[in-house]
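For reference, run-v4.cif is printed below; it contains mmCIF, C-alpha atoms and all ligand atoms.
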data_coords
#
loop_
_atom_site.label_atom_id
_atom_site.label_comp_id
_atom_site.auth_asym_id
_atom_site.auth_seq_id
_atom_site.Cartn_x
_atom_site.Cartn_y
_atom_site.Cartn_z
CA GLN A 1 -53.21 17.58 -88.38
CA ILE A 2 -55.40 15.05 -86.54
CA TYR A 3 -56.68 15.72 -83.02
CA SER A 4 -58.64 13.59 -80.59
CA ARG A 5 -61.89 14.84 -79.13
CA ILE A 6 -64.11 13.57 -76.29
CA ILE A 7 -67.52 12.95 -77.81
CA ALA A 8 -69.26 11.50 -74.74
CA THR A 9 -68.79 10.41 -71.15
CA GLY A 10 -70.25 7.79 -68.80
CA SER A 11 -69.78 6.55 -65.25
CA ALA A 12 -70.81 3.90 -62.75
CA LEU A 13 -70.86 3.68 -58.97
CA PRO A 14 -71.69 0.74 -56.72
CA GLU A 15 -75.11 1.01 -55.07
CA ARG A 16 -73.90 0.76 -51.48
CA VAL A 17 -73.09 4.07 -49.80
CA VAL A 18 -70.98 4.16 -46.64
CA THR A 19 -71.04 7.44 -44.71
CA ASN A 20 -68.48 8.81 -42.29
CA ALA A 21 -70.96 8.00 -39.51
CA ASP A 22 -70.90 4.34 -40.64
CA LEU A 23 -67.09 4.34 -40.36
CA GLU A 24 -67.27 5.80 -36.83
CA LYS A 25 -68.74 2.41 -35.87
CA ILE A 26 -65.75 0.39 -37.10
CA VAL A 27 -62.67 2.57 -36.41
CA ASP A 28 -61.76 5.32 -33.94
CA THR A 29 -62.58 8.26 -36.20
CA SER A 30 -65.19 11.00 -36.53
CA ASP A 31 -67.20 12.61 -39.30
CA GLU A 32 -65.68 15.93 -38.23
CA TRP A 33 -62.06 14.65 -38.57
CA ILE A 34 -62.71 13.12 -42.00
CA ARG A 35 -64.59 16.15 -43.36
CA THR A 36 -62.15 18.79 -42.19
CA ARG A 37 -59.01 16.85 -43.21
CA THR A 38 -60.24 15.55 -46.57
CA GLY A 39 -63.66 16.95 -47.59
CA ILE A 40 -65.06 13.40 -47.77
CA ARG A 41 -68.61 12.76 -46.48
CA GLN A 42 -69.39 9.38 -48.01
CA ARG A 43 -68.08 6.79 -50.47
CA HIS A 44 -69.58 4.00 -52.63
CA ILE A 45 -68.32 0.49 -51.96
CA ALA A 46 -68.60 -2.47 -54.35
CA ALA A 47 -70.82 -5.37 -53.32
CA ASP A 48 -69.32 -8.82 -52.81
CA GLY A 49 -68.55 -10.19 -56.26
CA GLU A 50 -68.90 -6.79 -57.95
CA THR A 51 -65.63 -6.13 -59.77
CA THR A 52 -63.66 -3.33 -61.42
CA GLY A 53 -64.70 -4.85 -64.76
CA ASP A 54 -68.40 -4.67 -63.83
CA LEU A 55 -68.11 -0.95 -63.05
CA ALA A 56 -65.97 -0.33 -66.13
CA PHE A 57 -68.49 -2.16 -68.34
CA ARG A 58 -71.40 -0.07 -67.02
CA ALA A 59 -69.49 3.21 -67.44
CA ALA A 60 -68.42 2.20 -70.96
CA GLN A 61 -71.95 1.25 -72.00
CA GLN A 62 -73.22 4.62 -70.81
CA ALA A 63 -70.47 6.51 -72.66
CA LEU A 64 -71.06 4.57 -75.90
CA GLU A 65 -74.79 5.16 -75.68
CA ALA A 66 -74.29 8.90 -75.11
CA ALA A 67 -71.87 8.97 -78.06
CA GLY A 68 -74.18 7.02 -80.36
CA VAL A 69 -71.21 4.77 -81.13
CA LYS A 70 -71.50 0.98 -81.49
CA ALA A 71 -68.94 -1.13 -79.65
CA SER A 72 -68.00 -2.72 -82.99
CA GLU A 73 -66.84 0.71 -84.24
CA LEU A 74 -64.13 0.95 -81.55
CA ASP A 75 -60.54 0.29 -82.61
CA LEU A 76 -58.93 0.83 -79.19
CA ILE A 77 -59.75 0.32 -75.51
CA VAL A 78 -57.35 1.62 -72.85
CA LEU A 79 -58.30 1.06 -69.22
CA GLY A 80 -56.53 2.63 -66.26
CA THR A 81 -56.68 0.51 -63.12
CA THR A 82 -54.57 -0.70 -60.25
CA THR A 83 -57.24 -3.19 -59.13
CA PRO A 84 -57.79 -5.46 -62.16
CA ASP A 85 -60.41 -8.22 -61.83
CA ILE A 86 -57.82 -10.95 -62.35
CA ILE A 87 -54.11 -11.01 -63.20
CA PHE A 88 -54.76 -11.73 -66.84
CA PRO A 89 -56.44 -11.27 -69.24
CA SER A 90 -56.46 -7.53 -68.66
CA THR A 91 -59.67 -5.90 -67.49
CA ALA A 92 -59.71 -4.05 -70.83
CA CYS A 93 -59.96 -7.45 -72.60
CA LEU A 94 -62.74 -8.60 -70.25
CA VAL A 95 -64.71 -5.40 -70.89
CA GLN A 96 -64.03 -5.57 -74.64
CA ASP A 97 -65.64 -9.01 -74.84
CA ARG A 98 -68.67 -7.96 -72.77
CA LEU A 99 -69.21 -4.91 -74.98
CA GLY A 100 -68.82 -6.95 -78.18
CA ALA A 101 -65.84 -4.93 -79.42
CA ASN A 102 -63.82 -8.10 -80.07
CA GLY A 103 -60.78 -7.64 -82.29
CA CYS A 104 -59.73 -4.09 -81.41
CA ALA A 105 -56.58 -3.35 -79.40
CA ALA A 106 -57.29 -3.50 -75.64
CA PHE A 107 -54.96 -3.14 -72.69
CA ASP A 108 -54.71 -1.93 -69.10
CA VAL A 109 -52.46 0.81 -67.76
CA ASN A 110 -51.36 0.78 -64.13
CA ALA A 111 -50.34 4.25 -63.01
CA ALA A 112 -52.17 4.10 -59.65
CA CYS A 113 -54.41 7.17 -59.20
CA SER A 114 -53.13 8.67 -62.48
CA GLY A 115 -54.31 5.61 -64.46
CA PHE A 116 -57.11 7.35 -66.34
CA MET A 117 -54.94 10.35 -67.20
CA TYR A 118 -52.22 8.04 -68.53
CA ALA A 119 -54.84 6.07 -70.52
CA LEU A 120 -56.20 9.31 -72.00
CA GLY A 121 -52.69 10.48 -72.92
CA ILE A 122 -51.96 7.17 -74.66
CA ALA A 123 -55.27 7.04 -76.55
CA ASP A 124 -54.74 10.64 -77.67
CA LYS A 125 -51.40 9.64 -79.23
CA PHE A 126 -52.98 6.62 -80.98
CA ILE A 127 -55.57 8.92 -82.55
CA LYS A 128 -53.12 11.72 -83.39
CA SER A 129 -50.84 9.24 -85.15
CA GLY A 130 -53.71 7.98 -87.30
CA GLN A 131 -53.55 4.49 -85.75
CA SER A 132 -57.04 4.79 -84.20
CA LYS A 133 -60.25 6.58 -85.12
CA LYS A 134 -62.52 5.76 -82.20
CA ALA A 135 -61.21 4.88 -78.76
CA LEU A 136 -62.79 4.03 -75.44
CA VAL A 137 -60.84 5.26 -72.43
CA ILE A 138 -61.83 3.99 -68.99
CA GLY A 139 -60.69 4.59 -65.42
CA ALA A 140 -62.08 1.96 -63.05
CA GLU A 141 -61.26 0.71 -59.58
CA THR A 142 -62.42 -1.32 -56.63
CA LEU A 143 -59.74 0.17 -54.41
CA THR A 144 -61.61 -0.71 -51.23
CA ARG A 145 -60.59 -4.35 -51.88
CA MET A 146 -57.09 -3.22 -50.82
CA VAL A 147 -58.25 -1.36 -47.74
CA ASP A 148 -57.42 -2.54 -44.23
CA TRP A 149 -60.70 -1.70 -42.45
CA GLY A 150 -58.87 -1.65 -39.11
CA GLU A 151 -56.51 1.17 -40.14
CA ARG A 152 -58.18 4.56 -39.67
CA GLU A 153 -55.38 6.48 -41.43
CA THR A 154 -56.28 4.95 -44.79
CA CYS A 155 -59.70 3.27 -44.68
CA VAL A 156 -61.61 6.55 -44.53
CA LEU A 157 -60.06 7.87 -47.76
CA PHE A 158 -61.13 5.51 -50.52
CA GLY A 159 -64.15 4.46 -52.57
CA ASP A 160 -65.02 2.43 -55.68
CA GLY A 161 -66.22 3.63 -59.09
CA ALA A 162 -65.54 4.01 -62.79
CA GLY A 163 -65.78 6.57 -65.56
CA ALA A 164 -65.31 6.38 -69.32
CA VAL A 165 -65.00 8.61 -72.36
CA VAL A 166 -65.32 7.95 -76.08
CA LEU A 167 -62.59 9.68 -78.10
CA GLU A 168 -62.87 10.34 -81.81
CA ALA A 169 -60.48 11.66 -84.44
CA ALA A 170 -61.27 15.28 -85.34
CA SER A 171 -59.82 18.05 -87.50
CA GLU A 172 -59.78 20.52 -84.57
CA PRO A 173 -58.93 20.11 -80.86
CA GLY A 174 -60.10 18.33 -78.78
CA ILE A 175 -57.16 17.60 -76.68
CA TYR A 176 -54.55 20.37 -76.89
CA ALA A 177 -51.93 18.79 -74.66
CA THR A 178 -51.28 15.93 -72.27
CA CYS A 179 -48.39 15.68 -69.80
CA LEU A 180 -47.35 12.38 -68.18
CA HIS A 181 -44.71 11.96 -65.47
CA ALA A 182 -43.47 9.48 -62.87
CA ASP A 183 -40.81 9.24 -60.18
CA GLY A 184 -40.36 5.71 -58.83
CA GLY A 185 -38.00 7.07 -56.21
CA TYR A 186 -41.07 7.85 -54.12
CA LYS A 187 -42.44 4.30 -54.23
CA GLU A 188 -42.43 3.73 -50.48
CA LEU A 189 -44.58 6.77 -49.65
CA LEU A 190 -47.66 5.18 -51.21
CA TRP A 191 -47.65 1.52 -52.15
CA ASN A 192 -48.88 -2.01 -51.83
CA PRO A 193 -45.68 -4.03 -51.73
CA VAL A 194 -46.97 -7.55 -52.43
CA GLY A 195 -47.81 -9.24 -55.72
CA VAL A 196 -47.30 -12.14 -58.06
CA SER A 197 -43.57 -11.86 -58.55
CA ALA A 198 -42.58 -10.33 -55.19
CA GLY A 199 -44.85 -12.84 -53.47
CA PHE A 200 -47.84 -12.54 -51.15
CA LYS A 201 -47.72 -12.63 -47.35
CA ASP A 202 -49.28 -14.84 -44.75
CA GLU A 203 -51.30 -11.88 -43.48
CA PRO A 204 -54.95 -10.83 -43.75
CA ASN A 205 -55.93 -10.29 -47.41
CA HIS A 206 -52.59 -11.94 -48.43
CA GLY A 207 -50.79 -8.77 -47.32
CA VAL A 208 -52.68 -6.66 -49.86
CA ARG A 209 -53.26 -3.28 -48.21
CA ILE A 210 -52.53 0.36 -48.89
CA ARG A 211 -49.46 1.73 -47.17
CA MET A 212 -49.24 5.48 -47.14
CA ALA A 213 -47.25 8.23 -45.49
CA GLY A 214 -50.20 10.65 -45.71
CA ARG A 215 -48.52 13.89 -44.71
CA GLU A 216 -45.54 13.39 -47.05
CA VAL A 217 -47.83 12.38 -49.93
CA PHE A 218 -49.85 15.52 -49.32
CA LYS A 219 -46.82 17.80 -49.51
CA VAL A 220 -45.35 16.28 -52.67
CA ALA A 221 -48.80 16.18 -54.33
CA VAL A 222 -49.42 19.90 -53.79
CA LYS A 223 -45.96 20.88 -55.03
CA THR A 224 -46.01 18.55 -58.01
CA LEU A 225 -49.51 19.52 -59.14
CA ASP A 226 -48.49 23.15 -58.90
CA SER A 227 -45.75 22.68 -61.48
CA LEU A 228 -47.84 20.22 -63.54
CA VAL A 229 -50.62 22.73 -64.21
CA GLY A 230 -48.03 25.34 -65.22
CA GLU A 231 -46.41 22.89 -67.62
CA THR A 232 -49.81 21.92 -69.06
CA LEU A 233 -50.83 25.52 -69.76
CA GLN A 234 -47.51 26.10 -71.47
CA ALA A 235 -47.81 22.94 -73.58
CA ALA A 236 -51.30 24.02 -74.69
CA GLY A 237 -50.15 27.62 -75.32
CA MET A 238 -52.75 29.00 -72.88
CA ASP A 239 -52.90 31.02 -69.70
CA GLU A 240 -54.99 30.51 -66.55
CA SER A 241 -57.77 32.81 -67.76
CA GLN A 242 -58.54 30.51 -70.70
CA VAL A 243 -59.39 27.51 -68.51
CA ASP A 244 -63.14 27.27 -67.83
CA TRP A 245 -63.07 24.28 -65.46
CA LEU A 246 -60.53 22.44 -63.36
CA ILE A 247 -61.43 18.76 -63.07
CA PRO A 248 -58.89 17.42 -60.57
CA HIS A 249 -58.18 14.03 -59.06
CA GLN A 250 -60.48 13.73 -56.06
CA ALA A 251 -58.21 12.66 -53.20
CA ASN A 252 -58.42 15.54 -50.79
CA LEU A 253 -60.29 18.85 -50.93
CA ARG A 254 -57.29 20.70 -49.49
CA ILE A 255 -55.05 19.47 -52.35
CA ILE A 256 -57.75 20.52 -54.85
CA GLU A 257 -58.03 23.98 -53.28
CA ALA A 258 -54.25 24.46 -53.48
CA THR A 259 -54.26 23.65 -57.22
CA ALA A 260 -57.21 25.98 -57.83
CA LYS A 261 -55.34 28.76 -56.03
CA ARG A 262 -52.28 28.18 -58.23
CA LEU A 263 -54.55 28.67 -61.27
CA ASN A 264 -56.24 31.77 -59.78
CA MET A 265 -59.54 29.91 -60.12
CA SER A 266 -62.40 30.33 -57.69
CA MET A 267 -63.84 27.06 -56.35
CA GLU A 268 -66.99 27.76 -58.42
CA ARG A 269 -64.95 26.73 -61.47
CA VAL A 270 -63.67 23.51 -59.92
CA ILE A 271 -65.54 20.21 -60.12
CA VAL A 272 -65.64 18.59 -56.69
CA THR A 273 -66.98 15.08 -56.12
CA VAL A 274 -64.62 13.96 -53.36
CA ASP A 275 -67.40 14.64 -50.82
CA LYS A 276 -69.60 11.97 -52.42
CA HIS A 277 -67.12 9.53 -53.98
CA ALA A 278 -63.94 9.82 -51.83
CA ASN A 279 -60.74 8.80 -53.63
CA THR A 280 -61.62 6.31 -56.38
CA SER A 281 -58.08 6.34 -57.81
CA SER A 282 -58.27 5.92 -61.62
CA GLY A 283 -62.05 6.30 -61.44
CA SER A 284 -61.91 9.75 -59.94
CA VAL A 285 -61.27 12.13 -62.85
CA PRO A 286 -63.65 10.47 -65.36
CA LEU A 287 -66.35 10.19 -62.66
CA ALA A 288 -65.97 13.91 -61.94
CA LEU A 289 -65.99 14.71 -65.67
CA ASP A 290 -69.15 12.70 -66.27
CA TYR A 291 -70.84 14.36 -63.30
CA ALA A 292 -69.81 17.78 -64.68
CA VAL A 293 -71.21 16.97 -68.13
CA ARG A 294 -74.47 15.38 -66.98
CA SER A 295 -75.21 18.11 -64.44
CA GLY A 296 -74.88 20.68 -67.24
CA LYS A 297 -71.94 22.48 -65.60
CA VAL A 298 -69.50 21.72 -68.41
CA GLN A 299 -70.70 22.93 -71.81
CA ARG A 300 -69.46 22.15 -75.32
CA GLY A 301 -66.66 24.51 -76.38
CA GLN A 302 -65.31 25.05 -72.85
CA ASN A 303 -61.67 24.39 -71.92
CA LEU A 304 -61.09 21.79 -69.22
CA LEU A 305 -57.92 21.09 -67.28
CA LEU A 306 -57.82 17.51 -65.98
CA GLU A 307 -55.07 16.33 -63.60
CA ALA A 308 -54.16 13.47 -61.28
CA PHE A 309 -51.44 12.40 -58.86
CA GLY A 310 -50.89 8.97 -57.36
CA GLY A 311 -48.69 6.10 -56.25
CA GLY A 312 -45.35 5.70 -58.01
CA PHE A 313 -45.39 8.63 -57.79
CA THR A 314 -47.17 9.29 -61.06
CA TRP A 315 -48.76 12.54 -62.18
CA ALA A 316 -50.48 13.48 -65.42
CA SER A 317 -52.77 16.05 -67.00
CA ALA A 318 -54.71 17.05 -70.08
CA LEU A 319 -55.96 20.39 -71.34
CA LEU A 320 -58.83 20.00 -73.76
CA ARG A 321 -61.73 21.70 -75.44
CA TYR A 322 -64.87 19.79 -74.60
N1 LIG B 401 -59.68 9.68 -37.73
C1 LIG B 401 -59.22 10.34 -36.65
N2 LIG B 401 -57.92 10.62 -36.45
C2 LIG B 401 -57.04 10.22 -37.40
C3 LIG B 401 -57.46 9.52 -38.54
C4 LIG B 401 -58.82 9.25 -38.68
N3 LIG B 401 -59.34 8.60 -39.75
N4 LIG B 401 -56.38 9.26 -39.29
C5 LIG B 401 -55.31 9.77 -38.65
N5 LIG B 401 -55.72 10.34 -37.50
C6 LIG B 401 -54.91 11.03 -36.50
C7 LIG B 401 -53.45 10.64 -36.57
O1 LIG B 401 -53.23 9.48 -35.80
C8 LIG B 401 -52.76 11.86 -35.96
O2 LIG B 401 -52.87 11.78 -34.56
P1 LIG B 401 -51.67 12.33 -33.64
O3 LIG B 401 -51.54 13.78 -33.97
O4 LIG B 401 -52.19 12.05 -32.28
O5 LIG B 401 -50.47 11.53 -34.03
C9 LIG B 401 -53.64 13.03 -36.43
O6 LIG B 401 -54.91 12.45 -36.80
C10 LIG B 401 -53.08 13.81 -37.59
O7 LIG B 401 -52.65 12.88 -38.58
P2 LIG B 401 -51.97 13.35 -39.92
O8 LIG B 401 -51.68 12.16 -40.75
O9 LIG B 401 -50.86 14.29 -39.61
O10 LIG B 401 -53.17 14.19 -40.55
P3 LIG B 401 -53.16 15.06 -41.84
O11 LIG B 401 -53.72 16.39 -41.52
O12 LIG B 401 -51.90 14.99 -42.62
O13 LIG B 401 -54.29 14.34 -42.73
C11 LIG B 401 -54.47 12.83 -44.59
C12 LIG B 401 -54.11 13.01 -43.13
C13 LIG B 401 -55.95 13.15 -44.77
C14 LIG B 401 -54.19 11.41 -45.00
C15 LIG B 401 -53.66 13.81 -45.44
O14 LIG B 401 -52.29 13.77 -45.07
C16 LIG B 401 -53.77 13.54 -46.90
O15 LIG B 401 -54.82 13.69 -47.50
N6 LIG B 401 -52.66 13.18 -47.55
C17 LIG B 401 -52.66 12.94 -48.95
C18 LIG B 401 -52.66 11.51 -49.13
C19 LIG B 401 -53.74 11.05 -50.04
O16 LIG B 401 -54.64 11.75 -50.44
N7 LIG B 401 -53.63 9.78 -50.34
C20 LIG B 401 -54.56 9.14 -51.14
C21 LIG B 401 -53.88 8.46 -52.26
S1 LIG B 401 -52.73 9.44 -53.04
C22 LIG B 401 -53.50 10.42 -53.98
O17 LIG B 401 -54.42 10.00 -54.59
C23 LIG B 401 -53.08 11.79 -53.95
#
What would the structure in this file look like if it were written as structure tokens?
Amino acid sequence: QIYSRIIATGSALPERVVTNADLEKIVDTSDEWIRTRTGIRQRHIAADGETTGDLAFRAAQQALEAAGVKASELDLIVLGTTTPDIIFPSTACLVQDRLGANGCAAFDVNAACSGFMYALGIADKFIKSGQSKKALVIGAETLTRMVDWGERETCVLFGDGAGAVVLEAASEPGIYATCLHADGGYKELLWNPVGVSAGFKDEPNHGVRIRMAGREVFKVAVKTLDSLVGETLQAAGMDESQVDWLIPHQANLRIIEATAKRLNMSMERVIVTVDKHANTSSGSVPLALDYAVRSGKVQRGQNLLLEAFGGGFTWASALLRY
């Protein structure tokens, strides 16, 4: 039996930090409202010209360096994003060339905020099947490029960033289980309904902006994540007490707290970065993972439960031994 194992992590954030106080100057909001509703205190925002691919490249370089793996050794790159640099080639191809990993398989996955979890699930299957030996999995976004800075309901929620992991084939887990799901019936609760084939609009930013029914998204997210973590434990043959850390998608502290409660986990065993990064969509879970590893919280041999929920709706998880 072949398993996949995370051998190293990396991440990248834009330099510019925008605090809640900064947003008070551009929309009718308050630090107090944002903090109590979401847990967010600040977010990083990409500079003009700084792209998803730039952040992904930096995160990937850091992960490869930490792994002691040369780019030329990679046989797969999977990149989760909903904000690719350009329509094609994929951002995975752009990053592959910059890393010097030319020749290996490389593609993007669009599963909105669950993009990294989907990418990890796919790369795990490539390794388990024997198709790949060393894979780079990235979650990267410049979601603020979609933000309407005049709309207080959404503009306070998002940030930019990227995280990456290097996966390697191993004789022991590694990844015990991944679960991937989607329900396109919910598309209109969280979406961006313009694009190449549907057409753009004669509106600011060509009509590109995040549309979200926040309260409904919140409710479905809590309920869905509740059953997702149960399913994941079952798939891995574990119970709550065997999970050392929950590393959740960082959209809203209240959603995170609800999932922790479902797992009977105290918040001391939950990695929280939403206060500093806000919701970076596909970037969120690998950014939180890299923070957890580099800060020394997560140790080798511990069991981690990773999960995400996003537009589609999509939801996905992984239970792994780090
Ligand atoms: N500042 C001040 N007031 C605001 C703001 C703001 N930024 N945004 C909305 N309000 C007002 C509303 O207008 C409303 O006013 P009203 O009562 O006079 O009508 C009031 O605050 C309450 O609005 P709600 O939308 O009901 O507030 P809620 O407590 O549901 O919080 C939030 C909103 C934070 C969006 C929450 O519903 C949420 O987190 N939902 C999950 C959605 C999410 O996280 N989406 C991100 C992408 S999806 C994902 O990754 C999970």
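Residues in contact range of A:Trp191, defined as at most 9 Å between only C-alpha atoms, with sequence neighbours fewer than 6 positions away removed, read Arg209, Ile210, Arg211, Met212, Gly311 and Gly312 of chain A.
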Next, write the just-selected residues to a file, as a PDB file, in the coordinates of the input, keeping C-alpha atoms as the atom set.
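This is the output file selection-v3.pdb:
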ATOM      1  CA  ARG A 209     -53.260  -3.280 -48.210  1.00  0.00           C
ATOM      2  CA  ILE A 210     -52.530   0.360 -48.890  1.00  0.00           C
ATOM      3  CA  ARG A 211     -49.460   1.730 -47.170  1.00  0.00           C
ATOM      4  CA  MET A 212     -49.240   5.480 -47.140  1.00  0.00           C
ATOM      5  CA  GLY A 311     -48.690   6.100 -56.250  1.00  0.00           C
ATOM      6  CA  GLY A 312     -45.350   5.700 -58.010  1.00  0.00           C
TER       7      GLY A 312
END
Task: Atom-to-atom span, atom O11 of ligand LIG 401 (chain B) and atom CA of A:Thr273, Å - done: 19.8 Å
Let me see if you get this right: every residue at most 6 Å from ligand LIG 401 (chain B), counting only C-alpha atoms and all ligand atoms, written as a PDB file with C-alpha atoms, keeping the file's coordinate frame.
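Contents of pocket.pdb, freshly written:
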ATOM      1  CA  THR A  29     -62.580   8.260 -36.200  1.00  0.00           C
ATOM      2  CA  SER A  30     -65.190  11.000 -36.530  1.00  0.00           C
ATOM      3  CA  TRP A  33     -62.060  14.650 -38.570  1.00  0.00           C
ATOM      4  CA  ARG A  37     -59.010  16.850 -43.210  1.00  0.00           C
ATOM      5  CA  THR A  38     -60.240  15.550 -46.570  1.00  0.00           C
ATOM      6  CA  CYS A 113     -54.410   7.170 -59.200  1.00  0.00           C
ATOM      7  CA  ARG A 152     -58.180   4.560 -39.670  1.00  0.00           C
ATOM      8  CA  GLU A 153     -55.380   6.480 -41.430  1.00  0.00           C
ATOM      9  CA  VAL A 156     -61.610   6.550 -44.530  1.00  0.00           C
ATOM     10  CA  GLY A 214     -50.200  10.650 -45.710  1.00  0.00           C
ATOM     11  CA  ARG A 215     -48.520  13.890 -44.710  1.00  0.00           C
ATOM     12  CA  VAL A 217     -47.830  12.380 -49.930  1.00  0.00           C
ATOM     13  CA  PHE A 218     -49.850  15.520 -49.320  1.00  0.00           C
ATOM     14  CA  ALA A 251     -58.210  12.660 -53.200  1.00  0.00           C
ATOM     15  CA  ASN A 252     -58.420  15.540 -50.790  1.00  0.00           C
ATOM     16  CA  PHE A 309     -51.440  12.400 -58.860  1.00  0.00           C
ATOM     17  CA  GLY A 310     -50.890   8.970 -57.360  1.00  0.00           C
TER      18      GLY A 310
END
- [ ] Select, from A:Ser11, A:Gln131, A:Gln250, A:Ser241, the residue with the minimum atom-to-atom distance to A:Ser266, counting only C-alpha atoms.
- [x] A:Ser241
- [ ] Would you list the contacts of A:Leu136 as a PyMOL selection string, taking every protein, DNA or RNA residue within 9 Å and counting all atoms listed in the file, but skipping same-chain residues closer than 2 positions in sequence?
- [x] chain A and resi 60+63-64+74-79+123+134+138+164-168
